[in-house]
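So this one's query_27.tsv, TSV, C-alpha atoms:
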```tsv
chain	number	residue	atom	x	y	z
A	1209	MET	CA	0.37	-24.59	-34.23
A	1210	ILE	CA	3.34	-22.58	-35.38
A	1211	LEU	CA	6.33	-24.32	-33.79
A	1212	SER	CA	9.89	-23.02	-34.06
A	1213	PRO	CA	13.22	-24.50	-32.92
A	1214	ILE	CA	14.51	-23.20	-29.62
A	1215	ASP	CA	17.87	-21.52	-29.02
A	1216	THR	CA	20.29	-24.32	-28.16
A	1217	VAL	CA	23.75	-23.99	-26.59
A	1218	THR	CA	26.35	-26.39	-25.21
A	1219	THR	CA	28.04	-23.84	-22.93
A	1220	ILE	CA	26.92	-20.46	-21.66
A	1221	SER	CA	28.28	-17.93	-19.16
A	1222	LYS	CA	26.21	-16.51	-16.32
A	1223	ASP	CA	26.34	-13.02	-17.82
A	1224	GLU	CA	25.16	-14.20	-21.23
A	1225	PHE	CA	22.39	-16.30	-19.71
A	1226	VAL	CA	21.12	-13.43	-17.55
A	1227	GLU	CA	21.20	-10.84	-20.34
A	1228	LYS	CA	19.97	-12.94	-23.23
A	1229	TYR	CA	17.51	-15.32	-21.56
A	1230	TYR	CA	16.68	-14.59	-17.91
A	1231	LYS	CA	16.03	-10.85	-18.25
A	1232	ALA	CA	14.39	-11.33	-21.63
A	1233	GLN	CA	12.30	-14.23	-20.25
A	1234	LYS	CA	13.23	-16.31	-23.29
A	1235	PRO	CA	13.62	-20.10	-23.12
A	1236	VAL	CA	16.87	-21.87	-24.02
A	1237	LEU	CA	18.05	-25.50	-24.13
A	1238	ILE	CA	21.48	-26.12	-22.58
A	1239	LYS	CA	22.76	-29.45	-23.90
A	1240	GLY	CA	24.43	-31.76	-21.38
A	1241	LEU	CA	24.51	-29.23	-18.54
A	1242	ALA	CA	24.23	-32.00	-15.92
A	1243	GLN	CA	27.50	-33.53	-17.12
A	1244	GLN	CA	29.29	-30.94	-14.98
A	1245	TRP	CA	28.13	-32.70	-11.81
A	1246	GLU	CA	30.62	-34.95	-10.04
A	1247	SER	CA	27.87	-37.53	-9.45
A	1248	TYR	CA	26.38	-37.27	-12.93
A	1249	GLY	CA	26.62	-41.06	-13.33
A	1250	LYS	CA	24.09	-41.59	-10.53
A	1251	TRP	CA	21.25	-39.96	-12.45
A	1252	THR	CA	19.73	-43.22	-13.69
A	1253	LEU	CA	16.55	-45.20	-13.16
A	1254	ASP	CA	18.66	-48.04	-11.70
A	1255	TYR	CA	20.04	-45.72	-9.01
A	1256	MET	CA	16.52	-44.62	-8.13
A	1257	HIS	CA	15.35	-48.24	-8.05
A	1258	ASP	CA	18.10	-49.22	-5.61
A	1259	HIS	CA	17.89	-46.19	-3.29
A	1260	VAL	CA	14.16	-45.53	-3.03
A	1261	GLY	CA	12.86	-48.98	-3.90
A	1262	GLU	CA	10.71	-49.69	-0.85
A	1263	LEU	CA	9.01	-46.29	-0.76
A	1264	GLU	CA	5.38	-46.31	-1.86
A	1265	VAL	CA	4.53	-43.70	-4.48
A	1266	GLY	CA	1.30	-42.37	-5.96
A	1267	LEU	CA	0.97	-42.75	-9.72
A	1268	TYR	CA	-0.99	-40.80	-12.31
A	1269	ASP	CA	-2.01	-41.64	-15.88
A	1270	ASN	CA	-3.01	-39.77	-19.03
A	1271	LYS	CA	-6.72	-39.67	-18.26
A	1272	PRO	CA	-8.31	-36.33	-17.28
A	1273	ALA	CA	-8.98	-35.87	-13.57
A	1274	ASP	CA	-12.32	-37.21	-12.35
A	1275	PRO	CA	-14.48	-34.15	-11.52
A	1276	ASN	CA	-15.97	-36.06	-8.59
A	1277	LYS	CA	-12.57	-36.63	-6.97
A	1278	ALA	CA	-9.71	-34.47	-5.72
A	1279	THR	CA	-7.46	-33.50	-8.63
A	1280	ASP	CA	-4.34	-34.64	-6.77
A	1281	LYS	CA	-5.64	-38.13	-5.97
A	1282	PRO	CA	-3.38	-40.81	-7.60
A	1283	VAL	CA	-4.90	-43.56	-9.72
A	1284	LYS	CA	-2.62	-46.20	-8.22
A	1285	VAL	CA	-0.04	-46.69	-5.44
A	1286	MET	CA	2.90	-49.10	-5.66
A	1287	LYS	CA	6.45	-49.52	-4.44
A	1288	PHE	CA	8.96	-47.34	-6.22
A	1289	LYS	CA	11.12	-50.29	-7.33
A	1290	ASP	CA	8.10	-52.01	-8.87
A	1291	TYR	CA	7.19	-48.85	-10.75
A	1292	ILE	CA	10.74	-48.46	-12.12
A	1293	SER	CA	10.76	-52.11	-13.20
A	1294	LEU	CA	7.40	-51.63	-14.89
A	1295	ILE	CA	8.31	-48.59	-17.01
A	1296	LYS	CA	11.68	-50.13	-17.96
A	1297	SER	CA	10.10	-53.36	-19.17
A	1298	GLN	CA	6.97	-52.24	-21.03
A	1299	PRO	CA	5.10	-49.22	-22.41
A	1300	SER	CA	3.19	-47.37	-19.71
A	1301	ASP	CA	1.44	-44.04	-19.21
A	1302	LEU	CA	1.96	-44.12	-15.44
A	1303	ARG	CA	3.97	-41.26	-14.00
A	1304	ILE	CA	5.13	-39.82	-10.69
A	1305	PHE	CA	4.35	-36.17	-10.11
A	1306	PHE	CA	6.18	-33.66	-7.88
A	1307	PHE	CA	8.47	-36.02	-5.95
A	1308	ILE	CA	10.17	-33.60	-3.51
A	1309	ILE	CA	13.81	-34.59	-3.03
A	1310	THR	CA	14.30	-32.88	0.35
A	1311	ASP	CA	11.43	-34.87	1.85
A	1312	LYS	CA	11.79	-38.29	0.21
A	1313	LEU	CA	15.35	-38.67	-1.03
A	1314	PRO	CA	17.59	-36.10	0.74
A	1315	GLU	CA	20.77	-38.02	-0.09
A	1316	LEU	CA	20.19	-37.04	-3.73
A	1317	LEU	CA	20.90	-33.43	-2.79
A	1318	LYS	CA	24.58	-34.42	-2.71
A	1319	ASN	CA	24.46	-35.63	-6.30
A	1320	PHE	CA	23.96	-32.28	-8.04
A	1321	THR	CA	24.97	-28.66	-7.78
A	1322	TYR	CA	22.82	-25.65	-8.58
A	1323	PRO	CA	24.14	-24.19	-11.86
A	1324	ASP	CA	25.64	-20.72	-11.46
A	1325	LEU	CA	23.42	-18.92	-13.96
A	1326	GLY	CA	22.22	-15.97	-11.93
A	1327	LEU	CA	19.00	-17.65	-10.76
A	1328	LYS	CA	18.01	-17.37	-7.10
A	1329	TYR	CA	16.92	-20.94	-6.51
A	1330	PHE	CA	14.19	-21.90	-4.05
A	1331	LYS	CA	16.16	-24.80	-2.53
A	1332	ARG	CA	13.33	-26.18	-0.42
A	1333	ILE	CA	11.64	-28.01	-3.27
A	1334	PRO	CA	13.86	-29.45	-5.99
A	1335	THR	CA	11.41	-31.94	-7.51
A	1336	LEU	CA	11.53	-35.11	-9.60
A	1337	PHE	CA	9.06	-36.32	-12.23
A	1338	PHE	CA	8.99	-39.84	-13.71
A	1339	GLY	CA	7.16	-41.21	-16.74
A	1340	GLY	CA	6.76	-44.33	-18.83
A	1341	SER	CA	7.16	-44.30	-22.60
A	1342	GLU	CA	3.50	-43.38	-23.14
A	1343	SER	CA	3.21	-40.73	-20.44
A	1344	ARG	CA	2.20	-37.21	-21.26
A	1345	VAL	CA	1.44	-34.20	-19.11
A	1346	LEU	CA	-1.50	-31.93	-19.86
A	1347	MET	CA	-0.59	-28.50	-21.23
A	1348	HIS	CA	-0.17	-26.20	-18.23
A	1349	TYR	CA	1.96	-23.55	-16.61
A	1350	ASP	CA	3.19	-23.73	-13.01
A	1351	VAL	CA	0.86	-22.09	-10.51
A	1352	ASP	CA	3.73	-20.59	-8.47
A	1353	LEU	CA	4.99	-18.76	-11.60
A	1354	SER	CA	8.57	-19.86	-10.97
A	1355	ASP	CA	11.35	-19.66	-13.51
A	1356	LEU	CA	12.34	-23.28	-14.05
A	1357	LEU	CA	15.58	-25.04	-14.93
A	1358	HIS	CA	14.32	-28.45	-16.02
A	1359	PHE	CA	16.72	-31.41	-16.44
A	1360	GLN	CA	15.98	-34.61	-18.34
A	1361	PHE	CA	17.52	-38.04	-17.57
A	1362	GLU	CA	17.48	-41.45	-19.26
A	1363	GLY	CA	14.92	-41.45	-22.08
A	1364	LYS	CA	14.09	-38.69	-24.54
A	1365	LYS	CA	11.20	-36.31	-23.98
A	1366	ARG	CA	9.31	-33.96	-26.31
A	1367	VAL	CA	8.36	-30.59	-24.89
A	1368	LEU	CA	6.12	-27.91	-26.38
A	1369	LEU	CA	6.54	-24.39	-24.95
A	1370	PHE	CA	4.33	-21.34	-25.37
A	1371	ASP	CA	4.64	-17.86	-23.92
A	1372	ASN	CA	1.71	-16.96	-21.66
A	1373	ALA	CA	0.71	-14.33	-24.23
A	1374	GLN	CA	-0.43	-17.28	-26.39
A	1375	SER	CA	-3.11	-18.26	-23.83
A	1376	PRO	CA	-6.05	-17.00	-25.95
A	1377	TYR	CA	-5.18	-19.55	-28.67
A	1378	LEU	CA	-4.58	-22.50	-26.32
A	1379	TYR	CA	-8.09	-22.88	-24.88
A	1380	GLN	CA	-7.12	-22.00	-21.31
A	1381	VAL	CA	-9.66	-23.14	-18.73
A	1382	PRO	CA	-10.89	-20.32	-16.40
A	1383	LEU	CA	-9.53	-20.21	-12.84
A	1384	SER	CA	-6.83	-22.73	-13.69
A	1385	VAL	CA	-3.38	-23.13	-15.20
A	1386	HIS	CA	-4.25	-25.80	-17.79
A	1387	THR	CA	-6.02	-26.03	-21.13
A	1388	VAL	CA	-9.11	-28.06	-22.01
A	1389	TYR	CA	-8.72	-31.78	-21.44
A	1390	ASP	CA	-9.46	-33.16	-24.89
A	1391	ILE	CA	-6.79	-31.42	-26.98
A	1392	ASP	CA	-4.34	-33.94	-28.42
A	1393	TYR	CA	-1.15	-31.91	-28.77
A	1394	GLU	CA	0.53	-34.75	-30.66
A	1395	ASN	CA	-2.18	-34.76	-33.34
A	1396	PRO	CA	-4.11	-31.49	-33.00
A	1397	ASP	CA	-7.66	-31.46	-34.32
A	1398	TYR	CA	-7.76	-28.07	-36.01
A	1399	GLU	CA	-11.39	-28.53	-37.04
A	1400	LYS	CA	-12.46	-28.80	-33.41
A	1401	PHE	CA	-9.84	-26.36	-32.05
A	1402	PRO	CA	-9.12	-23.93	-34.90
A	1403	ALA	CA	-7.51	-21.25	-32.69
A	1404	LEU	CA	-4.56	-23.62	-32.16
A	1405	ARG	CA	-3.39	-22.78	-35.69
A	1406	TYR	CA	-2.41	-19.32	-34.44
A	1407	ALA	CA	-0.51	-20.46	-31.33
A	1408	LYS	CA	3.21	-19.69	-31.68
A	1409	GLY	CA	5.63	-21.76	-29.63
A	1410	TYR	CA	8.69	-23.99	-29.50
A	1411	GLU	CA	9.25	-27.71	-29.97
A	1412	ILE	CA	12.14	-29.32	-28.06
A	1413	ILE	CA	13.50	-32.87	-27.85
A	1414	MET	CA	15.35	-33.32	-24.57
A	1415	GLU	CA	17.97	-36.00	-23.96
A	1416	HIS	CA	19.90	-37.32	-20.97
A	1417	GLY	CA	21.63	-34.49	-19.10
A	1418	ASP	CA	19.98	-31.63	-20.99
A	1419	ALA	CA	18.58	-28.60	-19.15
A	1420	LEU	CA	15.73	-26.42	-20.38
A	1421	PHE	CA	15.15	-22.92	-19.05
A	1422	MET	CA	11.40	-22.29	-18.89
A	1423	PRO	CA	10.56	-18.69	-17.95
A	1424	SER	CA	7.79	-17.83	-15.50
A	1425	GLY	CA	4.29	-18.54	-16.76
A	1426	TYR	CA	5.36	-20.47	-19.86
A	1427	TRP	CA	2.90	-23.12	-21.00
A	1428	HIS	CA	4.46	-26.56	-21.38
A	1429	PHE	CA	3.30	-29.94	-22.67
A	1430	ASN	CA	5.57	-32.92	-21.91
A	1431	ARG	CA	5.55	-36.25	-23.74
A	1432	TYR	CA	7.91	-39.00	-22.60
A	1433	LEU	CA	9.18	-40.71	-25.74
A	1434	GLU	CA	11.00	-43.30	-23.62
A	1435	ALA	CA	10.90	-44.20	-19.94
A	1436	GLY	CA	12.79	-41.54	-17.99
A	1437	PHE	CA	12.67	-38.86	-15.36
A	1438	SER	CA	13.41	-35.20	-14.85
A	1439	MET	CA	14.23	-32.67	-12.16
A	1440	SER	CA	13.01	-29.10	-11.83
A	1441	LEU	CA	14.94	-26.40	-9.96
A	1442	ARG	CA	12.75	-23.40	-9.20
A	1443	SER	CA	13.46	-19.69	-8.93
A	1444	LEU	CA	10.56	-17.76	-7.40
A	1445	PRO	CA	9.22	-14.46	-8.86
A	1446	ASN	CA	11.76	-11.68	-8.40
A	1447	THR	CA	9.58	-8.58	-8.73
A	1448	ALA	CA	6.75	-7.25	-6.55
A	1449	GLY	CA	4.27	-7.50	-9.40
A	1450	LYS	CA	5.12	-11.11	-10.21
A	1451	PHE	CA	5.13	-12.03	-6.52
A	1452	LEU	CA	1.63	-10.61	-6.03
A	1453	ASN	CA	0.45	-12.43	-9.14
A	1454	MET	CA	1.91	-15.64	-7.74
A	1455	LEU	CA	0.02	-15.14	-4.44
A	1456	ASN	CA	-3.17	-14.58	-6.42
A	1457	HIS	CA	-2.60	-17.79	-8.38
A	1458	VAL	CA	-1.74	-19.92	-5.36
A	1459	PHE	CA	-4.16	-18.63	-2.73
A	1460	VAL	CA	-7.07	-17.01	-4.58
A	1461	MET	CA	-7.46	-18.59	-8.00
A	1462	ARG	CA	-6.54	-22.15	-7.04
A	1463	TYR	CA	-8.73	-22.30	-3.92
A	1464	SER	CA	-11.65	-20.60	-5.66
A	1465	ASP	CA	-11.49	-23.31	-8.30
A	1466	LYS	CA	-11.28	-26.06	-5.66
A	1467	LEU	CA	-14.34	-24.67	-3.90
A	1468	MET	CA	-16.36	-24.48	-7.12
A	1469	ARG	CA	-15.26	-27.98	-8.07
A	1470	LYS	CA	-16.31	-29.31	-4.68
A	1471	LEU	CA	-19.70	-27.59	-4.85
A	1472	PHE	CA	-20.63	-28.25	-8.48
A	1473	LYS	CA	-18.35	-31.14	-9.54
A	1474	ALA	CA	-18.88	-32.11	-13.21
A	1475	LYS	CA	-21.12	-29.10	-13.89
A	1476	TRP	CA	-18.28	-26.74	-12.99
A	1477	VAL	CA	-15.76	-28.67	-15.10
A	1478	ASN	CA	-18.10	-28.69	-18.10
A	1479	TYR	CA	-18.79	-24.98	-17.70
A	1480	LYS	CA	-15.06	-24.20	-17.69
A	1481	GLN	CA	-14.46	-26.31	-20.78
A	1482	LYS	CA	-17.19	-24.50	-22.71
A	1483	SER	CA	-15.99	-21.11	-21.46
A	1484	ALA	CA	-12.44	-21.87	-22.65
A	1485	TYR	CA	-13.73	-22.76	-26.10
A	1486	ARG	CA	-15.80	-19.56	-26.38
A	1487	LYS	CA	-12.85	-17.39	-25.32
A	1488	SER	CA	-10.50	-18.96	-27.86
A	1489	GLN	CA	-13.13	-18.65	-30.57
A	1490	ARG	CA	-13.26	-14.90	-29.91
A	1491	ALA	CA	-9.44	-14.72	-30.11
A	1492	LEU	CA	-9.59	-16.63	-33.41
A	1493	GLU	CA	-12.20	-14.27	-34.86
A	1494	ASN	CA	-10.16	-11.21	-33.82
A	1495	SER	CA	-7.02	-12.67	-35.44
A	1496	GLN	CA	-8.86	-13.42	-38.66
A	1497	LYS	CA	-10.23	-9.87	-38.79
A	1498	ALA	CA	-6.76	-8.45	-38.23
```
Please express what this file holds, its structure, as structure tokens.
Amino acid sequence: MILSPIDTVTTISKDEFVEKYYKAQKPVLIKGLAQQWESYGKWTLDYMHDHVGELEVGLYDNKPADPNKATDKPVKVMKFKDYISLIKSQPSDLRIFFFIITDKLPELLKNFTYPDLGLKYFKRIPTLFFGGSESRVLMHYDVDLSDLLHFQFEGKKRVLLFDNAQSPYLYQVPLSVHTVYDIDYENPDYEKFPALRYAKGYEIIMEHGDALFMPSGYWHFNRYLEAGFSMSLRSLPNTAGKFLNMLNHVFVMRYSDKLMRKLFKAKWVNYKQKSAYRKSQRALENSQKA
């Protein structure tokens, strides 16, 4: 993979952000943006432990989804406080996915403000994500095609970003928003996945309070280097074309895939994996010819 450093700023005006990054659909890391919040000090694992401790949460691990089960079925359920204690005390790949603040922790809405950067936030679903020091999230892009402002808290996290135009080199699985399951993005096997050598993207290390702007449709791979959590603020597609594409992703592509998975289970998953490999091989051959 061809990984470059990302544009990084400590302060930025709304006009500069809109012109240089939002309109251009170019990612940027804003260091310490969350420090502007009056309640910045509450964004800790201890605060979460004390305020949501008794709530039971579904947990996911690094293993690929079982083709014979629903993809959103957690591998384990435990009390939130026990999960926080676990990831603080020992290495773990267990993570919490898409924890919607407005439904499960509405008091947290008072602890942050939406940054004035020209984004039209979808305020119904600010979401939290938690991970232990061995957690990683499969390379994917968000099915709703939102522009994301993604904050990191507590431990460091490594993020890989790729423009959607890089899809042919990333082994994208058909009818889905993720790549094949067995790519190790921390130690890529270029013999098995040679097209990855041509994928151009960004490598980012996020720290407590940092915010990363991820434009619509950007591929991202997340690796928690230490126990921590993050919050995503979403801005829905702002043009008719993008909105229609989002509807296609959410209501046509996703449910078509669910139906095929239900009908054919592992056969469908295996077919998609092989199809992804063939497509990326063609992209590799075309690049080599060029």
**Prompt:** Which distance in Å separates atom CA of A:Pro1334 and atom CA of A:Met1461, to one decimal?
**Reply:** 24.0 Å
**Asked** Around (-11.8, -19.2, -21.6) in the file's own coordinates, what residues are found within 8 Å if you use all atoms listed in the file, given back as a VMD selection string?
**Response** chain A and resid 1376 1379 to 1382 1480 to 1488
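Taking atom CA of A:Met1256 and atom CA of A:Leu1368 as endpoints, the distance between them is 26.8 Å.
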**Item:** Protein and nucleic acid residues near (-10.2, -20.3, -9.0) (cut-off 12 Å, all atoms listed in the file) as a list in words
**Value:**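 Those residues, ordered by chain and then number, are Val1351, Val1381, Pro1382, Leu1383, Ser1384, Val1385, His1386, Asn1456, His1457, Val1458, Phe1459, Val1460, Met1461, Arg1462, Tyr1463, Ser1464, Asp1465, Lys1466, Leu1467, Met1468, Arg1469, Lys1470, Trp1476, Val1477 and Lys1480 of chain A.
Atom CA of A:Leu1378 is found 9.0 Å from atom CA of A:Tyr1406.
Distance annotation: of A:Asp1418, A:Asp1280, A:Glu1224, A:Asp1324, the residue with the minimal separation from A:Ile1238 is A:Asp1418; atom set is all atoms listed in the file.
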**Non-local contacts of A:Phe1338 (6 Å; only C-alpha atoms; under 6 positions in same chain excluded) as a list of chain:residue names** =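 The residues satisfying every condition are A:Arg1303, A:Ile1304, A:Gly1436, A:Phe1437.
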Could you write out the selected residues, including C-alpha atoms, as a compact mmCIF listing (two decimals), in the coordinates of the input?
```
# COMPACT_ATOMS: atom_id res chain seq x y z
CA ARG A 1303 3.97 -41.26 -14.00
CA ILE A 1304 5.13 -39.82 -10.69
CA GLY A 1436 12.79 -41.54 -17.99
CA PHE A 1437 12.67 -38.86 -15.36
```
**Request:** Please provide the set of residues having any atom within 8 Å of stretch 1259-1267 of chain A, restricted to only C-alpha atoms, with same-chain residues fewer than 4 positions apart removed, written as a list in words.
**Result:**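 Listed by chain and then number, they are Tyr1255, Pro1282, Val1283, Lys1284, Val1285, Met1286, Lys1287, Phe1288, Lys1289, Asp1290, Leu1302, Arg1303, Ile1304, Phe1305 and Leu1313 of chain A.
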Could you name the residues that touch A:Gly1417 at 7 Å or less, counting all atoms listed in the file, but leaving out those on the same chain fewer than 2 positions away, as a PDB file with C-alpha atoms, keeping the file's coordinate frame?
```pdb
ATOM      1  CA  GLY A1240      24.430 -31.760 -21.380  1.00  0.00           C
ATOM      2  CA  LEU A1241      24.510 -29.230 -18.540  1.00  0.00           C
ATOM      3  CA  ALA A1242      24.230 -32.000 -15.920  1.00  0.00           C
ATOM      4  CA  GLN A1243      27.500 -33.530 -17.120  1.00  0.00           C
ATOM      5  CA  PHE A1359      16.720 -31.410 -16.440  1.00  0.00           C
ATOM      6  CA  GLN A1360      15.980 -34.610 -18.340  1.00  0.00           C
ATOM      7  CA  PHE A1361      17.520 -38.040 -17.570  1.00  0.00           C
ATOM      8  CA  GLU A1415      17.970 -36.000 -23.960  1.00  0.00           C
ATOM      9  CA  ALA A1419      18.580 -28.600 -19.150  1.00  0.00           C
TER      10      ALA A1419
END
```
**Asked** Between A:Lys1475, A:Lys1222, A:Arg1431, A:Lys1250, which is the closest to A:Asn1319 once you count only C-alpha atoms?
**Response** A:Lys1250
**Polymer residues at most 12 Å from A:Val1236, all atoms listed in the file, same-chain spacing of 2 or more positions, as a VMD selection string** = chain A and resid 1213 to 1220 1224 to 1226 1228 to 1230 1232 to 1234 1238 to 1239 1241 1356 to 1358 1369 1410 to 1412 1414 1418 to 1423
**Request:** Just the residues within 8 Å of A:Pro1445, please, counting all atoms listed in the file, with nothing from its chain fewer than 6 positions along; format it as a ChimeraX atom specification.
**Result:** /A:1353-1355,1424,1451,1454
**Prompt:** Of the candidates A:Asp1258, A:Asp1371, A:Thr1310, A:Leu1294, which one gets nearest to A:Phe1330 if we count all atoms listed in the file?
**Reply:** A:Thr1310
